[in-house]
Structure formats: C-alpha cells, structure tokens
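Data file: model-v9.cif. Format and content: mmCIF, C-alpha atoms; chains and numbers go by the auth columns.
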```
data_query
loop_
_atom_site.group_PDB
_atom_site.id
_atom_site.type_symbol
_atom_site.label_atom_id
_atom_site.label_comp_id
_atom_site.label_asym_id
_atom_site.label_seq_id
_atom_site.Cartn_x
_atom_site.Cartn_y
_atom_site.Cartn_z
_atom_site.B_iso_or_equiv
_atom_site.auth_seq_id
_atom_site.auth_asym_id
ATOM 1 C CA MET A 1 12.485 -2.244 -5.549 0.00 8 A
ATOM 2 C CA MET A 2 8.911 -2.006 -4.375 0.00 9 A
ATOM 3 C CA ARG A 3 7.805 -1.944 -0.751 0.00 10 A
ATOM 4 C CA ILE A 4 4.410 -2.134 0.880 0.00 11 A
ATOM 5 C CA ILE A 5 4.093 -0.620 4.340 0.00 12 A
ATOM 6 C CA ALA A 6 0.985 -1.743 6.216 0.00 13 A
ATOM 7 C CA VAL A 7 -0.280 -0.968 9.692 0.00 14 A
ATOM 8 C CA GLY A 8 -0.896 -4.066 11.812 0.00 15 A
ATOM 9 C CA LYS A 9 -0.137 -7.746 11.433 0.00 16 A
ATOM 10 C CA CYS A 10 -1.828 -10.024 8.942 0.00 17 A
ATOM 11 C CA ARG A 11 -3.283 -12.597 11.293 0.00 18 A
ATOM 12 C CA GLU A 12 -5.307 -14.793 8.939 0.00 19 A
ATOM 13 C CA LYS A 13 -3.378 -17.748 7.560 0.00 20 A
ATOM 14 C CA GLU A 14 -5.314 -17.759 4.281 0.00 21 A
ATOM 15 C CA MET A 15 -4.531 -14.091 3.629 0.00 22 A
ATOM 16 C CA ARG A 16 -0.840 -14.641 4.387 0.00 23 A
ATOM 17 C CA MET A 17 -0.843 -17.564 1.943 0.00 24 A
ATOM 18 C CA LEU A 18 -2.356 -15.412 -0.813 0.00 25 A
ATOM 19 C CA ILE A 19 0.137 -12.619 -0.152 0.00 26 A
ATOM 20 C CA SER A 20 2.984 -15.147 -0.330 0.00 27 A
ATOM 21 C CA GLU A 21 1.645 -16.446 -3.631 0.00 28 A
ATOM 22 C CA TYR A 22 1.601 -12.957 -5.184 0.00 29 A
ATOM 23 C CA GLN A 23 5.056 -12.226 -3.765 0.00 30 A
ATOM 24 C CA ARG A 24 6.277 -15.428 -5.441 0.00 31 A
ATOM 25 C CA ARG A 25 4.646 -14.470 -8.752 0.00 32 A
ATOM 26 C CA LEU A 26 6.090 -10.959 -8.578 0.00 33 A
ATOM 27 C CA SER A 27 9.631 -12.054 -7.725 0.00 34 A
ATOM 28 C CA PRO A 28 10.810 -12.507 -11.348 0.00 35 A
ATOM 29 C CA LEU A 29 9.343 -9.093 -12.265 0.00 36 A
ATOM 30 C CA VAL A 30 10.276 -6.842 -9.339 0.00 37 A
ATOM 31 C CA LYS A 31 11.893 -7.223 -5.948 0.00 38 A
ATOM 32 C CA SER A 32 9.260 -6.563 -3.291 0.00 39 A
ATOM 33 C CA GLU A 33 9.015 -6.385 0.463 0.00 40 A
ATOM 34 C CA LEU A 34 6.096 -6.172 2.896 0.00 41 A
ATOM 35 C CA LEU A 35 6.807 -4.163 6.037 0.00 42 A
ATOM 36 C CA GLU A 36 4.312 -4.258 8.877 0.00 43 A
ATOM 37 C CA VAL A 37 4.273 -1.524 11.505 0.00 44 A
ATOM 38 C CA ALA A 38 2.500 -1.926 14.821 0.00 45 A
ATOM 39 C CA ASP A 39 -1.030 -0.701 15.070 0.00 46 A
ATOM 40 C CA GLU A 40 -2.024 1.378 18.056 0.00 47 A
ATOM 41 C CA VAL A 41 -4.068 -0.436 20.684 0.00 48 A
ATOM 42 C CA ALA A 42 -7.194 1.629 21.246 0.00 49 A
ATOM 43 C CA PRO A 43 -10.697 1.154 22.672 0.00 50 A
ATOM 44 C CA GLN A 44 -13.657 0.740 20.299 0.00 51 A
ATOM 45 C CA SER A 45 -15.070 4.214 20.892 0.00 52 A
ATOM 46 C CA LEU A 46 -12.617 7.081 20.688 0.00 53 A
ATOM 47 C CA SER A 47 -12.930 10.823 20.915 0.00 54 A
ATOM 48 C CA ALA A 48 -11.840 12.936 17.944 0.00 55 A
ATOM 49 C CA ALA A 49 -8.642 13.838 19.811 0.00 56 A
ATOM 50 C CA GLN A 50 -7.878 10.167 20.533 0.00 57 A
ATOM 51 C CA ILE A 51 -8.418 9.279 16.861 0.00 58 A
ATOM 52 C CA VAL A 52 -5.890 11.940 15.859 0.00 59 A
ATOM 53 C CA GLN A 53 -3.426 10.567 18.448 0.00 60 A
ATOM 54 C CA VAL A 54 -3.770 7.011 17.130 0.00 61 A
ATOM 55 C CA LYS A 55 -3.254 8.132 13.531 0.00 62 A
ATOM 56 C CA GLU A 56 -0.238 10.242 14.516 0.00 63 A
ATOM 57 C CA ARG A 57 1.446 7.388 16.394 0.00 64 A
ATOM 58 C CA GLU A 58 0.858 4.956 13.542 0.00 65 A
ATOM 59 C CA GLY A 59 1.943 7.670 11.100 0.00 66 A
ATOM 60 C CA GLU A 60 5.269 8.090 12.907 0.00 67 A
ATOM 61 C CA ARG A 61 5.902 4.373 12.518 0.00 68 A
ATOM 62 C CA ILE A 62 5.058 4.528 8.814 0.00 69 A
ATOM 63 C CA LEU A 63 7.250 7.566 8.174 0.00 70 A
ATOM 64 C CA LYS A 64 10.243 5.875 9.828 0.00 71 A
ATOM 65 C CA LYS A 65 10.111 3.239 7.068 0.00 72 A
ATOM 66 C CA ILE A 66 10.112 5.797 4.229 0.00 73 A
ATOM 67 C CA ARG A 67 13.309 7.253 2.795 0.00 74 A
ATOM 68 C CA PRO A 68 13.464 10.786 1.354 0.00 75 A
ATOM 69 C CA SER A 69 14.029 9.436 -2.176 0.00 76 A
ATOM 70 C CA ASP A 70 11.050 7.024 -2.086 0.00 77 A
ATOM 71 C CA PHE A 71 8.027 7.583 -4.298 0.00 78 A
ATOM 72 C CA VAL A 72 5.085 7.058 -1.935 0.00 79 A
ATOM 73 C CA ILE A 73 1.681 5.871 -3.141 0.00 80 A
ATOM 74 C CA LEU A 74 -0.874 6.145 -0.353 0.00 81 A
ATOM 75 C CA LEU A 75 -4.008 4.039 -0.533 0.00 82 A
ATOM 76 C CA ASP A 76 -6.594 6.687 0.268 0.00 83 A
ATOM 77 C CA LEU A 77 -10.373 6.840 -0.056 0.00 84 A
ATOM 78 C CA GLN A 78 -10.002 10.419 -1.324 0.00 85 A
ATOM 79 C CA GLY A 79 -7.382 9.379 -3.889 0.00 86 A
ATOM 80 C CA VAL A 80 -7.545 8.983 -7.647 0.00 87 A
ATOM 81 C CA MET A 81 -9.137 5.819 -9.033 0.00 88 A
ATOM 82 C CA LEU A 82 -7.088 4.042 -11.703 0.00 89 A
ATOM 83 C CA SER A 83 -7.814 1.221 -14.100 0.00 90 A
ATOM 84 C CA SER A 84 -5.352 -1.667 -14.124 0.00 91 A
ATOM 85 C CA GLU A 85 -3.840 -0.297 -17.330 0.00 92 A
ATOM 86 C CA ALA A 86 -3.484 3.198 -15.820 0.00 93 A
ATOM 87 C CA LEU A 87 -1.815 1.695 -12.730 0.00 94 A
ATOM 88 C CA ALA A 88 0.634 -0.140 -14.985 0.00 95 A
ATOM 89 C CA ASP A 89 1.392 3.135 -16.769 0.00 96 A
ATOM 90 C CA LYS A 90 1.858 4.922 -13.425 0.00 97 A
ATOM 91 C CA ILE A 91 4.263 2.224 -12.218 0.00 98 A
ATOM 92 C CA ASP A 92 6.164 2.393 -15.496 0.00 99 A
ATOM 93 C CA ARG A 93 6.552 6.179 -15.192 0.00 100 A
ATOM 94 C CA ILE A 94 7.677 5.907 -11.558 0.00 101 A
ATOM 95 C CA GLN A 95 10.289 3.292 -12.437 0.00 102 A
ATOM 96 C CA THR A 96 11.489 5.370 -15.385 0.00 103 A
ATOM 97 C CA TYR A 97 11.574 8.850 -13.887 0.00 104 A
ATOM 98 C CA GLU A 98 11.932 8.458 -10.103 0.00 105 A
ATOM 99 C CA SER A 99 15.178 7.545 -8.383 0.00 106 A
ATOM 100 C CA GLY A 100 13.936 5.942 -5.165 0.00 107 A
ATOM 101 C CA ASP A 101 11.894 2.896 -4.359 0.00 108 A
ATOM 102 C CA MET A 102 8.182 2.716 -5.025 0.00 109 A
ATOM 103 C CA VAL A 103 6.395 2.487 -1.662 0.00 110 A
ATOM 104 C CA PHE A 104 2.705 1.682 -1.218 0.00 111 A
ATOM 105 C CA VAL A 105 1.195 2.616 2.157 0.00 112 A
ATOM 106 C CA ILE A 106 -1.856 0.962 3.713 0.00 113 A
ATOM 107 C CA GLY A 107 -2.918 2.894 6.803 0.00 114 A
ATOM 108 C CA GLY A 108 -4.676 1.647 9.903 0.00 115 A
ATOM 109 C CA SER A 109 -8.409 1.205 10.412 0.00 116 A
ATOM 110 C CA LEU A 110 -8.778 4.887 11.348 0.00 117 A
ATOM 111 C CA GLY A 111 -6.800 6.130 8.345 0.00 118 A
ATOM 112 C CA VAL A 112 -3.463 7.913 8.291 0.00 119 A
ATOM 113 C CA SER A 113 -2.043 11.032 9.858 0.00 120 A
ATOM 114 C CA GLU A 114 -1.865 14.304 7.997 0.00 121 A
ATOM 115 C CA ALA A 115 1.934 13.930 7.958 0.00 122 A
ATOM 116 C CA VAL A 116 1.652 10.650 6.014 0.00 123 A
ATOM 117 C CA ARG A 117 -0.908 12.189 3.670 0.00 124 A
ATOM 118 C CA GLN A 118 1.447 15.111 3.045 0.00 125 A
ATOM 119 C CA ARG A 119 4.413 12.789 2.400 0.00 126 A
ATOM 120 C CA ALA A 120 2.541 10.869 -0.286 0.00 127 A
ATOM 121 C CA ASN A 121 3.574 11.601 -3.844 0.00 128 A
ATOM 122 C CA PHE A 122 0.342 10.081 -5.125 0.00 129 A
ATOM 123 C CA ARG A 123 -2.925 9.132 -3.447 0.00 130 A
ATOM 124 C CA TRP A 124 -4.691 6.132 -4.982 0.00 131 A
ATOM 125 C CA GLN A 125 -8.226 4.972 -4.298 0.00 132 A
ATOM 126 C CA LEU A 126 -8.131 1.201 -4.721 0.00 133 A
ATOM 127 C CA SER A 127 -11.941 1.060 -4.585 0.00 134 A
ATOM 128 C CA SER A 128 -14.860 3.027 -3.235 0.00 135 A
ATOM 129 C CA LEU A 129 -15.889 -0.139 -1.387 0.00 136 A
ATOM 130 C CA THR A 130 -14.747 -0.830 2.162 0.00 137 A
ATOM 131 C CA PHE A 131 -12.548 -3.903 2.682 0.00 138 A
ATOM 132 C CA PRO A 132 -10.875 -5.454 5.729 0.00 139 A
ATOM 133 C CA HIS A 133 -7.276 -4.232 5.904 0.00 140 A
ATOM 134 C CA GLN A 134 -5.893 -7.746 5.543 0.00 141 A
ATOM 135 C CA LEU A 135 -7.837 -8.244 2.310 0.00 142 A
ATOM 136 C CA VAL A 136 -6.561 -4.885 1.019 0.00 143 A
ATOM 137 C CA ARG A 137 -3.036 -6.303 1.155 0.00 144 A
ATOM 138 C CA VAL A 138 -4.071 -9.190 -1.089 0.00 145 A
ATOM 139 C CA LEU A 139 -5.954 -6.885 -3.480 0.00 146 A
ATOM 140 C CA LEU A 140 -2.994 -4.515 -3.644 0.00 147 A
ATOM 141 C CA TYR A 141 -0.542 -7.322 -4.383 0.00 148 A
ATOM 142 C CA GLU A 142 -2.875 -8.698 -7.059 0.00 149 A
ATOM 143 C CA GLN A 143 -3.195 -5.309 -8.755 0.00 150 A
ATOM 144 C CA ILE A 144 0.559 -4.730 -8.617 0.00 151 A
ATOM 145 C CA TYR A 145 1.131 -8.184 -10.107 0.00 152 A
ATOM 146 C CA ARG A 146 -1.458 -7.450 -12.797 0.00 153 A
ATOM 147 C CA ALA A 147 0.252 -4.122 -13.584 0.00 154 A
ATOM 148 C CA PHE A 148 3.637 -5.801 -13.977 0.00 155 A
ATOM 149 C CA THR A 149 2.172 -8.504 -16.238 0.00 156 A
ATOM 150 C CA ILE A 150 0.708 -5.723 -18.401 0.00 157 A
ATOM 151 C CA LEU A 151 4.097 -3.986 -18.540 0.00 158 A
ATOM 152 C CA HIS A 152 5.868 -7.244 -19.450 0.00 159 A
ATOM 153 C CA HIS A 153 3.196 -8.296 -21.979 0.00 160 A
ATOM 154 C CA LEU A 154 2.366 -11.469 -20.065 0.00 161 A
ATOM 155 C CA PRO A 155 -1.009 -13.196 -20.568 0.00 162 A
ATOM 156 C CA TYR A 156 -2.366 -12.775 -16.984 0.00 163 A
ATOM 157 C CA HIS A 157 -4.348 -9.575 -17.684 0.00 164 A
ATOM 158 C CA LYS A 158 -7.445 -10.070 -19.847 0.00 165 A
#
```
Final structure tokens representation of the file:
Amino acid sequence: MMRIIAVGKCREKEMRMLISEYQRRLSPLVKSELLEVADEVAPQSLSAAQIVQVKEREGERILKKIRPSDFVILLDLQGVMLSSEALADKIDRIQTYESGDMVFVIGGSLGVSEAVRQRANFRWQLSSLTFPHQLVRVLLYEQIYRAFTILHHLPYHK
C-alpha cells in the first residue's frame, strides 16, 4: 500500500483529472491513496513565530495520518535528488525490507514542521525548481508510476 499525504485541497479540475489518471494507471501495480489534510489559513505576511505555528499545526495533521510502522518519504528541498531508476530501486527496497506502508508527504506552502522532518525515514528532493503544490502532486504520481513501470519492466519509461 502506498499513501500520499498532502496539505491542502487540490482545487484545479485539470490537476485532479491528471491525478485520477495516474491513480488509475497505478491501480494494477500498487494500491494507492491520496489523503489531504487541511492547510492553515494565514495572512500573506507572517512573522517567523507565526510561520512556525502554521507549520506545527499542519504538521500535527500530517502526523495523525502516519502510523508507527509506515516508511515516510518527505518531499523536501534539502532532500536527496534521485533519478527515476534510483527512485524505482528505493521503492523496491522499501517494499522488500520495510513492514509498513510507503507514505509520501507533501507539506504546505511554508514547508513542514520539525516534527514531520524528524519522522521522515527519507527526505527526497523532487526538483530544485519551485512548483505549485497542486502540480507537485501530479509530478509525484507520475514519478511513482514511472518507478513502478521500471520495476515491472513495462515500456512506459524510456
């Protein structure tokens, strides 16, 4: 089982359609679930203390969705960059050697709390570019699908 936990709702119809398409493609390869947790309503300009508060509140919501046995992969700008092949290998090793579910976490626009960062078993940098959070969901699903097609020797990855 693979879960993606993301902060906030995906509001754009086109993005939801793309996510649904990758969920459909993934379904024969792995059971997956997208869990959305509420984002914290906050003004545009925040103090450092308010930023920490927002990340902590969102972090509490994220952590409530994670079980102790889960292997947590946090999407993090300070994480390790992986090629598609290396991601496939990482997923294969997690499925082989870990007992819990594989959980990918996409934080809010301000990042994640230190508690979420500490809970992560692996921190992955999807890209050094900045993307809208809704697009990150699509990119993540595409890369996960690509990884599973590599693992199953399917022709998608070129």
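Around the point (2.5, -5.0, 11.8), within 6 Å and counting only C-alpha atoms, we find these residues: Val14, Gly15, Lys16, Glu43, Val44 and Ala45 of chain A.
Non-sequential neighbours of Ser90 of chain A (distance at most 12 Å, separation of 5 or more positions within a chain, only C-alpha atoms) are A:Ala95, A:Asp96, A:Lys97, A:Trp131, A:Gln132, A:Leu133, A:Ser134, A:Gln150, A:Ile151, A:Arg153, A:Ala154, A:Ile157, A:His164.
The closest residue to Thr137 of chain A, picked from A:Leu89, A:Leu84, A:Leu94, A:Ile11 and counting all atoms listed in the file, is A:Leu84.
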| task | Determine the residue set returned by the PyMOL selection byres ((chain A and resi 35) around 12) for the present structure, and present it as a count of residues only. | result | 15
| field | Atomic separation - atom CA of Leu142 of chain A relative to atom CA of Lys20 of chain A, Å | value | 11.7 Å
| query | For the file shown, what are the residues hit by the PyMOL selection byres ((chain A and resi 86) around 8), laid out as a PyMOL selection string? | reply | chain A and resi 82-85+87-88+129-132
Hits from the PyMOL selection byres ((chain A and resi 23) around 12), listed as a PDB file with C-alpha atoms, in the coordinates of the input:
```pdb
ATOM      1  CA  LYS A  16      -0.137  -7.746  11.433  1.00  0.00           C
ATOM      2  CA  CYS A  17      -1.828 -10.024   8.942  1.00  0.00           C
ATOM      3  CA  ARG A  18      -3.283 -12.597  11.293  1.00  0.00           C
ATOM      4  CA  GLU A  19      -5.307 -14.793   8.939  1.00  0.00           C
ATOM      5  CA  LYS A  20      -3.378 -17.748   7.560  1.00  0.00           C
ATOM      6  CA  GLU A  21      -5.314 -17.759   4.281  1.00  0.00           C
ATOM      7  CA  MET A  22      -4.531 -14.091   3.629  1.00  0.00           C
ATOM      8  CA  MET A  24      -0.843 -17.564   1.943  1.00  0.00           C
ATOM      9  CA  LEU A  25      -2.356 -15.412  -0.813  1.00  0.00           C
ATOM     10  CA  ILE A  26       0.137 -12.619  -0.152  1.00  0.00           C
ATOM     11  CA  SER A  27       2.984 -15.147  -0.330  1.00  0.00           C
ATOM     12  CA  GLU A  28       1.645 -16.446  -3.631  1.00  0.00           C
ATOM     13  CA  TYR A  29       1.601 -12.957  -5.184  1.00  0.00           C
ATOM     14  CA  GLN A  30       5.056 -12.226  -3.765  1.00  0.00           C
ATOM     15  CA  LEU A  41       6.096  -6.172   2.896  1.00  0.00           C
ATOM     16  CA  GLN A 141      -5.893  -7.746   5.543  1.00  0.00           C
ATOM     17  CA  LEU A 142      -7.837  -8.244   2.310  1.00  0.00           C
ATOM     18  CA  VAL A 143      -6.561  -4.885   1.019  1.00  0.00           C
ATOM     19  CA  ARG A 144      -3.036  -6.303   1.155  1.00  0.00           C
ATOM     20  CA  VAL A 145      -4.071  -9.190  -1.089  1.00  0.00           C
ATOM     21  CA  TYR A 148      -0.542  -7.322  -4.383  1.00  0.00           C
TER      22      TYR A 148
END
```
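Of the listed residues A:Leu146, A:Leu117, A:Val123, A:Val110, the one whose atoms come nearest to Ala55 of chain A is A:Leu117, with distances taken using all atoms listed in the file.
Picture a line from atom CA of Gly114 of chain A to atom CA of Ala13 of chain A; it runs 6.1 Å.
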| Distance in Å - atom CA of Ile101 of chain A versus atom CA of Asp77 of chain A | 10.1 Å
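Proximity ranking of A:Leu158, A:Arg74, A:Ser135, A:Ser52 relative to Asp99 of chain A places A:Leu158 first, based on only C-alpha atoms.
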